[in-house]
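**Student:** For reference, this is final.txt, and it has compact mmCIF, C-alpha atoms.
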```txt
# COMPACT_ATOMS: atom_id res chain seq x y z
CA MET L 1 153.40 40.52 101.38
CA PRO L 2 155.75 39.41 98.37
CA ALA L 3 157.24 42.66 99.36
CA THR L 4 155.39 45.62 98.16
CA ASP L 5 152.61 46.31 100.54
CA ALA L 6 152.80 49.33 102.85
CA PHE L 7 154.64 47.50 105.62
CA THR L 8 157.28 46.14 103.24
CA GLU L 9 157.81 49.60 101.73
CA ALA L 10 158.30 50.89 105.28
CA LEU L 11 160.85 48.14 106.01
CA ALA L 12 162.83 49.17 102.96
CA ARG L 13 162.95 52.77 104.22
CA GLY L 14 164.32 51.86 107.64
CA PRO L 15 163.37 50.60 111.13
CA VAL L 16 161.65 53.85 112.17
CA TYR L 17 159.21 53.67 109.27
CA ALA L 18 158.68 49.95 109.89
CA ALA L 19 157.85 50.66 113.54
CA LEU L 20 155.40 53.40 112.57
CA ALA L 21 153.69 51.08 110.08
CA ALA L 22 153.37 48.35 112.73
CA LEU L 23 152.09 50.92 115.27
CA ALA L 24 149.40 52.01 112.82
CA GLY L 25 148.45 48.38 112.17
CA GLY L 26 148.04 47.72 115.89
CA PHE L 27 145.87 50.81 116.35
CA VAL L 28 143.60 49.83 113.45
CA VAL L 29 143.17 46.38 114.99
CA SER L 30 142.16 48.00 118.30
CA LEU L 31 139.11 49.48 116.56
CA THR L 32 137.68 46.10 115.55
CA PRO L 33 134.62 44.59 117.27
CA CYS L 34 136.54 41.96 119.26
CA VAL L 35 138.92 44.50 120.84
CA TYR L 36 137.19 47.88 121.07
CA PRO L 37 134.27 46.81 123.33
CA MET L 38 136.82 45.38 125.81
CA VAL L 39 138.47 48.74 126.49
CA ALA L 40 136.19 50.32 129.11
CA VAL L 41 135.50 47.04 130.92
CA THR L 42 139.17 46.00 131.00
CA VAL L 43 140.32 49.38 132.34
CA SER L 44 137.84 49.01 135.20
CA VAL L 45 139.07 45.50 135.99
CA PHE L 46 142.69 46.50 136.59
CA GLY L 47 141.67 49.55 138.62
CA ALA L 48 142.61 52.56 136.48
CA ARG L 49 139.10 53.98 136.84
CA GLU L 50 139.51 54.02 140.64
CA ALA L 51 143.07 55.40 140.62
CA LYS L 52 143.68 58.18 143.17
CA SER L 53 145.52 60.38 140.65
CA ARG L 54 146.10 60.69 136.93
CA TRP L 55 149.70 59.55 137.45
CA GLU L 56 148.53 56.35 139.14
CA GLY L 57 146.04 55.77 136.33
CA ALA L 58 148.81 56.29 133.78
CA ALA L 59 151.12 53.87 135.62
CA LEU L 60 148.43 51.18 135.83
CA SER L 61 147.58 51.67 132.16
CA ALA L 62 151.27 51.52 131.22
CA ALA L 63 151.63 48.23 133.12
CA PHE L 64 148.66 46.85 131.18
CA VAL L 65 150.15 47.92 127.82
CA LEU L 66 153.52 46.42 128.81
CA GLY L 67 151.67 43.14 129.32
CA ILE L 68 150.41 43.34 125.73
CA VAL L 69 153.96 44.13 124.57
CA ALA L 70 155.31 41.13 126.50
CA MET L 71 152.74 38.96 124.70
CA PHE L 72 153.71 39.99 121.16
CA VAL L 73 157.46 40.80 121.25
CA PRO L 74 158.56 37.14 121.58
CA LEU L 75 156.65 36.37 118.38
CA GLY L 76 158.68 39.00 116.54
CA VAL L 77 161.97 37.74 117.99
CA ALA L 78 161.14 34.15 117.02
CA ALA L 79 160.18 35.19 113.49
CA GLY L 80 163.45 37.12 113.14
CA LEU L 81 165.65 34.34 114.55
CA THR L 82 164.10 31.71 112.28
CA GLY L 83 164.09 34.05 109.30
CA SER L 84 166.50 31.96 107.26
CA ILE L 85 164.11 29.00 107.51
CA PHE L 86 160.99 31.04 106.84
CA GLY L 87 162.75 32.97 104.09
CA SER L 88 163.45 29.87 102.04
CA VAL L 89 159.99 28.44 102.70
CA LEU L 90 158.29 31.68 101.66
CA GLN L 91 160.00 31.53 98.28
CA ASN L 92 158.05 28.40 97.30
CA ARG L 93 155.14 29.35 95.04
CA TRP L 94 152.79 26.86 96.71
CA VAL L 95 153.57 28.30 100.13
CA ILE L 96 152.76 31.73 98.67
CA VAL L 97 149.46 30.34 97.36
CA ALA L 98 148.70 28.91 100.82
CA MET L 99 149.38 32.30 102.41
CA ALA L 100 147.15 34.00 99.85
CA LEU L 101 144.34 31.55 100.64
CA LEU L 102 144.87 32.22 104.37
CA PHE L 103 144.53 35.96 103.78
CA LEU L 104 141.38 35.38 101.71
CA ALA L 105 139.90 33.23 104.50
CA LEU L 106 140.70 35.93 107.07
CA ALA L 107 139.13 38.53 104.78
CA VAL L 108 135.97 36.45 104.45
CA SER L 109 135.76 36.27 108.25
CA LEU L 110 136.12 40.03 108.48
CA PHE L 111 133.28 40.39 105.97
CA GLY L 112 131.08 38.44 108.39
CA ALA L 113 130.92 34.99 106.80
CA PHE L 114 132.10 33.38 110.06
CA GLU L 115 133.53 34.50 113.39
CA LEU L 116 137.02 33.90 114.74
CA ALA L 117 136.94 33.87 118.56
CA LEU L 118 138.32 32.05 121.56
CA PRO L 119 135.85 29.91 123.58
CA ALA L 120 133.71 32.11 125.84
CA ALA L 121 134.73 30.25 129.02
CA LEU L 122 138.43 30.76 128.30
CA THR L 123 137.85 34.42 127.43
CA ASN L 124 136.02 35.06 130.71
CA ARG L 125 138.69 33.27 132.74
CA LEU L 126 141.48 35.28 131.10
CA ALA L 127 139.58 38.53 131.58
CA MET L 128 139.57 38.08 135.37
CA LEU L 129 143.28 37.22 135.55
CA GLY L 130 145.46 39.15 137.98
CA GLY L 131 142.99 41.39 139.79
CA LEU L 132 143.77 44.98 140.80
CA GLY L 133 147.19 46.64 140.96
CA TYR L 134 150.25 46.78 138.75
CA ARG L 135 150.82 43.03 138.71
CA GLY L 136 147.19 42.43 137.87
CA ALA L 137 147.29 45.07 135.12
CA PHE L 138 150.39 43.47 133.57
CA LEU L 139 148.93 39.95 133.66
CA LEU L 140 145.65 41.21 132.27
CA GLY L 141 147.58 42.82 129.42
CA LEU L 142 149.14 39.44 128.62
CA ALA L 143 145.69 37.84 128.67
CA CYS L 144 144.09 40.54 126.53
CA GLY L 145 146.78 40.08 123.91
CA LEU L 146 145.63 36.47 123.64
CA ILE L 147 141.92 37.38 123.73
CA ALA L 148 142.46 39.88 120.91
CA SER L 149 144.37 37.35 118.79
CA PRO L 150 141.47 36.50 116.46
CA CYS L 151 141.26 40.13 115.37
CA THR L 152 145.02 40.69 115.27
CA GLY L 153 145.55 37.69 112.98
CA PRO L 154 144.89 39.42 109.65
CA VAL L 155 147.48 42.15 110.33
CA LEU L 156 149.82 40.12 112.53
CA THR L 157 150.28 37.28 110.03
CA GLY L 158 151.47 39.64 107.34
CA ILE L 159 153.87 41.52 109.61
CA LEU L 160 155.41 38.30 110.95
CA ALA L 161 155.94 37.01 107.42
CA TRP L 162 157.96 40.07 106.49
CA ILE L 163 159.87 40.07 109.78
CA ALA L 164 160.94 36.53 108.90
CA LYS L 165 162.36 37.80 105.60
CA THR L 166 164.49 40.41 107.42
CA LYS L 167 166.13 37.65 109.52
CA SER L 168 166.53 40.21 112.32
CA ALA L 169 165.44 39.46 115.88
CA GLY L 170 165.97 43.14 116.75
CA LEU L 171 163.68 44.37 113.99
CA GLY L 172 161.18 41.67 114.93
CA ALA L 173 161.11 42.89 118.53
CA LEU L 174 160.82 46.51 117.38
CA ALA L 175 157.96 45.83 114.97
CA MET L 176 155.99 43.65 117.37
CA GLY L 177 156.58 46.09 120.24
CA ALA L 178 155.25 48.91 118.08
CA PHE L 179 152.29 46.77 117.01
CA ALA L 180 151.44 46.02 120.65
CA LEU L 181 151.74 49.71 121.59
CA GLY L 182 149.32 50.58 118.78
CA LEU L 183 146.91 47.93 120.06
CA GLY L 184 147.20 49.36 123.59
CA ILE L 185 146.62 53.03 122.71
CA PRO L 186 142.85 53.09 123.48
CA PHE L 187 143.42 51.26 126.78
CA PHE L 188 146.12 53.72 127.85
CA VAL L 189 144.08 56.79 126.86
CA VAL L 190 140.96 55.62 128.70
CA GLY L 191 142.88 54.43 131.76
CA THR L 192 144.95 57.60 132.05
CA PHE L 193 142.50 60.33 131.15
CA ALA L 194 139.18 58.61 131.96
CA VAL L 195 137.80 59.65 128.56
CA GLN L 196 134.59 58.31 127.13
CA LEU L 197 135.22 56.53 123.85
CA PRO L 198 132.60 56.60 121.08
CA LYS L 199 130.03 53.87 121.53
CA SER L 200 130.34 50.63 119.62
CA GLY L 201 128.32 50.57 116.45
CA ARG L 202 128.24 50.04 112.72
CA TRP L 203 131.45 52.02 112.27
CA MET L 204 133.40 49.05 113.67
CA VAL L 205 131.91 46.83 110.97
CA HIS L 206 133.19 49.38 108.46
CA VAL L 207 136.68 49.07 109.95
CA LYS L 208 136.48 45.28 109.51
CA SER L 209 135.39 45.68 105.89
CA ILE L 210 138.33 47.99 105.17
CA LEU L 211 140.77 45.50 106.73
CA GLY L 212 139.14 42.73 104.71
CA ILE L 213 139.58 44.64 101.44
CA VAL L 214 143.25 45.22 102.27
CA LEU L 215 143.68 41.48 102.84
CA VAL L 216 142.01 40.64 99.52
CA VAL L 217 144.37 43.00 97.68
CA VAL L 218 147.38 41.45 99.46
CA ALA L 219 146.13 37.95 98.61
CA LEU L 220 145.73 38.89 94.94
CA TYR L 221 149.24 40.32 94.94
CA PHE L 222 150.60 37.07 96.40
CA LEU L 223 148.74 35.01 93.79
CA ASN L 224 150.11 37.24 91.04
CA ASN L 225 153.64 36.66 92.35
CA ALA L 226 153.10 32.89 92.13
CA PHE L 227 151.16 32.94 88.85
CA PRO L 228 151.69 36.27 87.07
CA LEU L 229 148.61 35.93 84.86
CA LEU L 230 146.57 38.31 86.99
CA GLY L 231 148.78 41.27 86.24
CA ALA L 232 149.92 40.34 82.74
CA TYR L 233 147.73 43.02 81.17
CA VAL L 234 148.29 45.72 83.79
CA HIS L 235 150.52 48.48 82.43
CA PRO L 236 150.94 51.92 84.00
CA SER L 237 148.91 54.40 81.94
CA THR L 238 146.27 57.09 82.25
CA VAL L 239 143.63 54.58 81.13
CA LEU L 240 144.64 52.22 83.97
CA TRP L 241 144.45 54.94 86.64
CA LEU L 242 141.04 56.11 85.39
CA ALA L 243 139.52 52.64 85.02
CA ALA L 244 140.83 51.43 88.39
CA GLY L 245 139.73 54.65 90.09
CA VAL L 246 136.22 54.35 88.66
CA ALA L 247 136.02 50.71 89.81
CA VAL L 248 137.04 51.66 93.37
CA VAL L 249 134.57 54.56 93.58
CA LEU L 250 131.73 52.50 92.10
CA GLY L 251 132.50 49.60 94.43
CA LEU L 252 132.45 51.87 97.48
CA GLY L 253 129.18 53.37 96.28
CA LEU L 254 127.61 49.92 95.97
CA GLY L 255 128.46 49.16 99.58
CA ALA L 256 131.88 47.52 99.79
CA VAL L 257 132.39 49.15 103.20
CA HIS L 258 129.11 50.49 104.57
CA ARG L 259 126.84 47.52 103.79
CA GLU L 260 126.79 44.17 105.59
CA PHE L 261 126.33 40.57 104.49
CA SER L 262 124.25 40.04 107.63
CA ASP L 263 121.50 42.21 106.13
CA PRO L 264 118.46 39.99 105.39
CA VAL L 265 117.80 41.74 102.05
CA THR L 266 119.33 39.73 99.21
CA GLY L 267 119.88 42.84 97.09
CA VAL L 268 122.06 44.36 99.82
CA LYS L 269 124.22 41.24 99.98
CA VAL L 270 124.62 41.19 96.20
CA ALA L 271 125.48 44.90 96.13
CA LYS L 272 128.13 44.43 98.81
CA GLY L 273 129.60 41.43 96.98
CA VAL L 274 129.81 43.31 93.68
CA GLY L 275 131.18 46.36 95.52
CA LEU L 276 133.91 44.27 97.15
CA PHE L 277 134.80 42.75 93.78
CA LEU L 278 135.12 46.16 92.09
CA THR L 279 136.90 47.87 94.97
CA SER L 280 139.40 45.07 95.56
CA GLY L 281 140.05 44.61 91.83
CA GLY L 282 140.51 48.34 91.28
CA LEU L 283 142.89 48.70 94.22
CA PHE L 284 144.86 45.64 93.08
CA ALA L 285 145.26 47.14 89.60
CA LEU L 286 146.39 50.45 91.11
CA VAL L 287 148.94 48.75 93.36
CA LEU L 288 150.26 46.56 90.56
CA GLY L 289 150.49 49.54 88.21
CA MET L 290 152.51 51.49 90.77
CA VAL L 291 154.97 48.71 91.58
CA LYS L 292 155.70 47.44 88.06
CA PRO L 293 159.32 48.36 87.41
CA ALA L 294 160.61 50.22 84.41
CA GLU L 295 163.25 48.27 82.52
CA ALA L 296 166.50 50.19 82.84
CA LEU L 297 168.67 47.43 81.32
CA ALA L 298 168.52 45.40 78.13
CA TRP L 299 168.69 42.02 79.84
CA GLN L 300 169.65 38.95 77.87
CA GLN L 301 167.33 36.11 78.80
CA GLY L 302 168.74 32.83 80.02
CA ASN L 303 171.80 32.35 77.79
CA VAL L 304 174.45 32.59 80.51
CA ASP L 305 177.15 30.80 78.54
CA GLY L 306 176.74 33.10 75.54
CA ALA L 307 176.77 36.16 77.79
CA ARG L 308 179.89 34.94 79.58
CA GLU L 309 181.75 34.36 76.29
CA ARG L 310 180.80 37.84 75.11
CA ALA L 311 181.91 39.41 78.40
CA LEU L 312 185.31 37.71 78.27
CA ARG L 313 185.75 38.49 74.57
CA GLU L 314 184.97 42.18 75.14
CA SER L 315 186.77 42.34 78.53
CA ARG L 316 183.58 43.52 80.23
CA PRO L 317 182.13 42.68 83.64
CA MET L 318 178.93 40.64 83.79
CA ILE L 319 175.85 40.62 86.01
CA VAL L 320 173.61 37.55 86.31
CA ASP L 321 170.22 38.12 87.93
CA PHE L 322 168.34 35.02 89.11
CA THR L 323 164.68 35.95 89.52
CA ALA L 324 161.14 34.50 89.50
CA ALA L 325 157.62 35.79 89.08
CA TRP L 326 156.76 34.86 92.67
CA CYS L 327 159.86 36.49 94.23
CA GLY L 328 158.84 39.73 95.94
CA ALA L 329 162.37 40.89 96.75
CA CYS L 330 163.33 40.32 93.08
CA LYS L 331 160.58 42.72 92.03
CA GLU L 332 161.77 45.22 94.62
CA LEU L 333 165.29 45.01 93.16
CA ASP L 334 163.83 45.72 89.72
CA LYS L 335 161.70 48.60 90.91
CA ALA L 336 164.04 50.36 93.32
CA THR L 337 167.59 49.36 92.39
CA PHE L 338 168.03 48.26 88.78
CA SER L 339 165.61 50.95 87.57
CA ALA L 340 167.44 53.77 89.36
CA PRO L 341 168.98 55.96 86.60
CA PRO L 342 172.52 56.11 88.13
CA VAL L 343 172.56 52.33 88.52
CA GLY L 344 171.32 51.84 84.96
CA VAL L 345 174.07 54.09 83.62
CA GLU L 346 176.79 52.24 85.54
CA LEU L 347 175.46 48.82 84.54
CA GLY L 348 175.63 49.92 80.91
CA ARG L 349 179.23 48.69 80.85
CA PHE L 350 178.17 45.23 82.08
CA VAL L 351 176.89 42.31 80.08
CA ALA L 352 173.53 41.73 81.77
CA VAL L 353 171.81 38.35 81.73
CA ARG L 354 168.67 37.31 83.58
CA VAL L 355 167.69 33.74 84.49
CA ASP L 356 163.95 33.25 85.09
CA ALA L 357 163.68 30.54 87.76
CA THR L 358 159.89 30.67 88.03
CA ASN L 359 159.70 27.08 86.83
CA ASP L 360 162.41 25.50 88.97
CA GLU L 361 161.43 22.06 87.65
CA ASP L 362 162.88 22.98 84.23
CA PRO L 363 166.16 20.99 83.88
CA LYS L 364 167.96 23.99 82.32
CA VAL L 365 166.89 26.23 85.18
CA GLY L 366 167.91 23.62 87.74
CA ALA L 367 171.32 23.21 86.09
CA ALA L 368 171.91 26.99 86.12
CA LEU L 369 170.91 27.26 89.80
CA GLN L 370 173.23 24.40 90.73
CA ARG L 371 176.11 25.71 88.62
CA PHE L 372 176.06 29.12 90.28
CA GLY L 373 175.30 27.79 93.77
CA VAL L 374 171.95 29.57 94.00
CA ARG L 375 170.15 28.52 97.20
CA GLY L 376 167.37 31.08 97.21
CA LEU L 377 166.00 34.11 95.42
CA PRO L 378 166.87 36.81 94.78
CA THR L 379 170.46 36.03 93.84
CA VAL L 380 172.55 38.51 91.87
CA VAL L 381 176.06 37.39 90.88
CA ILE L 382 178.55 39.91 89.47
CA PHE L 383 181.73 38.92 87.66
CA ASP L 384 184.69 41.15 86.83
CA SER L 385 186.11 41.50 83.33
CA HIS L 386 188.36 38.45 83.92
CA GLY L 387 185.38 36.20 84.64
CA LYS L 388 185.98 36.00 88.39
CA GLU L 389 183.08 36.36 90.80
CA ALA L 390 183.36 39.76 92.48
CA LEU L 391 180.04 40.25 94.27
CA ARG L 392 176.99 38.27 95.26
CA TYR L 393 173.71 39.55 96.68
CA THR L 394 171.04 37.25 98.11
CA ASP L 395 168.58 39.86 99.34
CA PHE L 396 167.25 43.27 98.46
CA VAL L 397 169.95 45.97 98.36
CA PRO L 398 169.13 49.69 97.99
CA PRO L 399 170.45 51.52 94.93
CA GLU L 400 173.09 53.63 96.73
CA PRO L 401 175.21 50.80 98.22
CA PHE L 402 174.67 48.68 95.11
CA LEU L 403 175.95 51.49 92.90
CA ALA L 404 178.99 52.01 95.13
CA SER L 405 179.80 48.29 94.96
CA ILE L 406 179.53 47.84 91.20
CA LYS L 407 181.64 50.94 90.57
CA ALA L 408 184.52 49.06 92.20
CA VAL L 409 184.17 46.09 89.81
CA ASP L 410 186.66 46.37 86.99
```
Mind turning the file's structure into structure tokens?
**Tutor:**
Amino acid sequence: MPATDAFTEALARGPVYAALAALAGGFVVSLTPCVYPMVAVTVSVFGAREAKSRWEGAALSAAFVLGIVAMFVPLGVAAGLTGSIFGSVLQNRWVIVAMALLFLALAVSLFGAFELALPAALTNRLAMLGGLGYRGAFLLGLACGLIASPCTGPVLTGILAWIAKTKSAGLGALAMGAFALGLGIPFFVVGTFAVQLPKSGRWMVHVKSILGIVLVVVALYFLNNAFPLLGAYVHPSTVLWLAAGVAVVLGLGLGAVHREFSDPVTGVKVAKGVGLFLTSGGLFALVLGMVKPAEALAWQQGNVDGARERALRESRPMIVDFTAAWCGACKELDKATFSAPPVGVELGRFVAVRVDATNDEDPKVGAALQRFGVRGLPTVVIFDSHGKEALRYTDFVPPEPFLASIKAVD
């Protein structure tokens, strides 16, 4: 979430960047109103405040954070192990729409329309779990991971979706471990160094508004992947950057972040609503303008048979790209791989044909997918100059290994 938000970009750059992105996400979540007020009280419960030395306080705090890690890592492993199932499900446009609606609902909750929280009785029971000592600190960390779940949902849902697309249990464990460490940073700092955190206040509402705006932008991006009407008129240009920038600044000025829907004054609520509309719309336009790929190839559209005859007649290799408007990894291939100048130069000797599978109910599209054994998107099939299949890619591949591979195709 769709693969061009900050976390997906980090995944493409490697596991270290992915872990850092997840760590940052966990830390941001720790500043929300359903986590931050717990910090001082929770540290007192597991005994770090009464520790005889800083080392003992650090050890108790580390045990608590390990409990949070133990809560979230299995989620990442499960998402990675079942990635092949989730990956195919997430390619369905209606599943993408459902995810976008989920993100919008979570955003609305962050804006204060309704509260997501566990029942108070369960929260209180979990908060007293374990008692003092290392065992108690670890168990309390497990419980706090569950207590914090309503606030982690907006960030956690997105990260788990992209972990599923990697199909890697190791990367899932790494990302969720980093997320949990980010969530545990304030607890560790307070428990180890006995620092006084800033008091709760309006600034936490601002953090929720920022997270909500991010979710709205992600939801719009998902919807554009399923139904590309939203971004049909977005083209990278100076006019776009200026107009989108003005919309963001104006929206922030009207109160997209610093005003609240809970304010009894109707004008304040209206100003915040208009501000959210302008800020989210402007940011969406900026994101879409930055990720739209430049066309490096003159793709033939849909006529695979004609392209194949031409390739055989001219003794040229052929590349067939199966794509769809809702396929995030397809867009990433366009943006990062096919648009890379060295790749474009090398593919100049290929006959390039693209099959748009956005409408998979079209009989012609269905026949092409069946003929080439396409089970999911993206799928890139490369034939040599004799018409024999030489390579097949069913996921994003960076430009360097892709270039090396196609150079070997005669």
**Student:** Name the residues in contact with Ala247 of chain L at a cut-off of 6 Å, using only C-alpha atoms, excluding same-chain residues fewer than 2 positions from it; report them as a PyMOL selection string.
**Tutor:** chain L and resi 244-245+249-251+278-279+282
**Student:** Could you jot down the atom CA of Ile213 of chain L to atom CA of Leu160 of chain L separation for me, Å, one decimal place?
**Tutor:**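 Atom CA of Leu160 of chain L lies 19.5 Å from atom CA of Ile213 of chain L.
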**Student:** Would you compute the distance between atom CA of Val257 of chain L and atom CA of Ile210 of chain L? Give it in Å to one decimal.
**Tutor:**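 Computing it gives 6.4 Å between the two atoms.
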**Student:** Using all atoms listed in the file for the distances, tell me which of L:Met176, L:Val265, L:Ala100, L:Val353 is nearest to Phe383 of chain L.
**Tutor:**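 Checking each candidate against Phe383 of chain L, we get L:Val353 as the closest.
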**Student:** Using all atoms of segment 323-336 of chain L listed in the file and a margin of 6 Å per side, can you give the axis-aligned box centre and edge lengths in Å to one decimal, as lines of an AutoDock Vina configuration file?
**Tutor:**
```
center_x = 161.0
center_y = 42.4
center_z = 92.9
size_x = 20.5
size_y = 27.9
size_z = 19.7
```
**Student:** Show me, as a PyMOL selection string, the residues that have an atom within 9 Å of Gly387 of chain L when counting only C-alpha atoms, minus same-chain residues fewer than 3 positions from it.
**Tutor:** chain L and resi 308+311-312+315-318+383-384+390
**Student:** Can you write just those residues out, C-alpha atoms, as a short mmCIF file (atom, residue, chain, number, x, y, z; two decimals), in the coordinates of the input?
**Tutor:**
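Final output, again.cif:
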```cif
data_model
loop_
_atom_site.label_atom_id
_atom_site.label_comp_id
_atom_site.auth_asym_id
_atom_site.auth_seq_id
_atom_site.Cartn_x
_atom_site.Cartn_y
_atom_site.Cartn_z
CA ARG L 308 179.89 34.94 79.58
CA ALA L 311 181.91 39.41 78.40
CA LEU L 312 185.31 37.71 78.27
CA SER L 315 186.77 42.34 78.53
CA ARG L 316 183.58 43.52 80.23
CA PRO L 317 182.13 42.68 83.64
CA MET L 318 178.93 40.64 83.79
CA PHE L 383 181.73 38.92 87.66
CA ASP L 384 184.69 41.15 86.83
CA ALA L 390 183.36 39.76 92.48
#
```
**Student:** So how many Å separate atom CA of Arg371 of chain L and atom CA of Phe227 of chain L, to one decimal?
**Tutor:**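 Value for the atom CA of Arg371 of chain L-atom CA of Phe227 of chain L distance: 26.0 Å.
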**Student:** Select, from L:Gly145, L:Gly177, L:Phe111, L:Gly376, the residue with the minimum atom-to-atom distance to Ala19 of chain L, counting all atoms listed in the file.
**Tutor:**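 Between L:Gly145, L:Gly177, L:Phe111, L:Gly376, the residue approaching Ala19 of chain L most closely is L:Gly177.
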**Student:** Name the residues within 10 Å of (146.7, 50.1, 115.6), counting only C-alpha atoms in the file's coordinates, and put them as a list in words.
**Tutor:**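 I get Leu20, Ala21, Ala22, Leu23, Ala24, Gly25, Gly26, Phe27, Val28, Val29, Ser30, Leu31, Thr32, Thr152, Val155, Ala178, Phe179, Ala180, Leu181, Gly182, Leu183, Gly184, Ile185 and Pro186 of chain L for the residues within 10 Å of that point.
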**Student:** I want to know what sits within 12 Å of segment 346-350 of chain L, based on all atoms listed in the file, with residues of the same chain fewer than 5 positions away left out; could you give that as a JSON list (two decimals) with C-alpha atoms, keeping the file's coordinate frame?
**Tutor:**
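Below is the file that was written, part15.json:
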```
[["chain", "number", "residue", "atom", "x", "y", "z"],
["L", 296, "ALA", "CA", 166.50, 50.19, 82.84],
["L", 297, "LEU", "CA", 168.67, 47.43, 81.32],
["L", 298, "ALA", "CA", 168.52, 45.40, 78.13],
["L", 299, "TRP", "CA", 168.69, 42.02, 79.84],
["L", 300, "GLN", "CA", 169.65, 38.95, 77.87],
["L", 307, "ALA", "CA", 176.77, 36.16, 77.79],
["L", 308, "ARG", "CA", 179.89, 34.94, 79.58],
["L", 310, "ARG", "CA", 180.80, 37.84, 75.11],
["L", 311, "ALA", "CA", 181.91, 39.41, 78.40],
["L", 312, "LEU", "CA", 185.31, 37.71, 78.27],
["L", 314, "GLU", "CA", 184.97, 42.18, 75.14],
["L", 315, "SER", "CA", 186.77, 42.34, 78.53],
["L", 316, "ARG", "CA", 183.58, 43.52, 80.23],
["L", 317, "PRO", "CA", 182.13, 42.68, 83.64],
["L", 318, "MET", "CA", 178.93, 40.64, 83.79],
["L", 319, "ILE", "CA", 175.85, 40.62, 86.01],
["L", 320, "VAL", "CA", 173.61, 37.55, 86.31],
["L", 337, "THR", "CA", 167.59, 49.36, 92.39],
["L", 338, "PHE", "CA", 168.03, 48.26, 88.78],
["L", 339, "SER", "CA", 165.61, 50.95, 87.57],
["L", 340, "ALA", "CA", 167.44, 53.77, 89.36],
["L", 341, "PRO", "CA", 168.98, 55.96, 86.60],
["L", 381, "VAL", "CA", 176.06, 37.39, 90.88],
["L", 382, "ILE", "CA", 178.55, 39.91, 89.47],
["L", 383, "PHE", "CA", 181.73, 38.92, 87.66],
["L", 384, "ASP", "CA", 184.69, 41.15, 86.83],
["L", 385, "SER", "CA", 186.11, 41.50, 83.33],
["L", 387, "GLY", "CA", 185.38, 36.20, 84.64],
["L", 399, "PRO", "CA", 170.45, 51.52, 94.93],
["L", 400, "GLU", "CA", 173.09, 53.63, 96.73],
["L", 402, "PHE", "CA", 174.67, 48.68, 95.11],
["L", 403, "LEU", "CA", 175.95, 51.49, 92.90],
["L", 404, "ALA", "CA", 178.99, 52.01, 95.13],
["L", 405, "SER", "CA", 179.80, 48.29, 94.96],
["L", 406, "ILE", "CA", 179.53, 47.84, 91.20],
["L", 407, "LYS", "CA", 181.64, 50.94, 90.57],
["L", 408, "ALA", "CA", 184.52, 49.06, 92.20],
["L", 409, "VAL", "CA", 184.17, 46.09, 89.81],
["L", 410, "ASP", "CA", 186.66, 46.37, 86.99]]
```
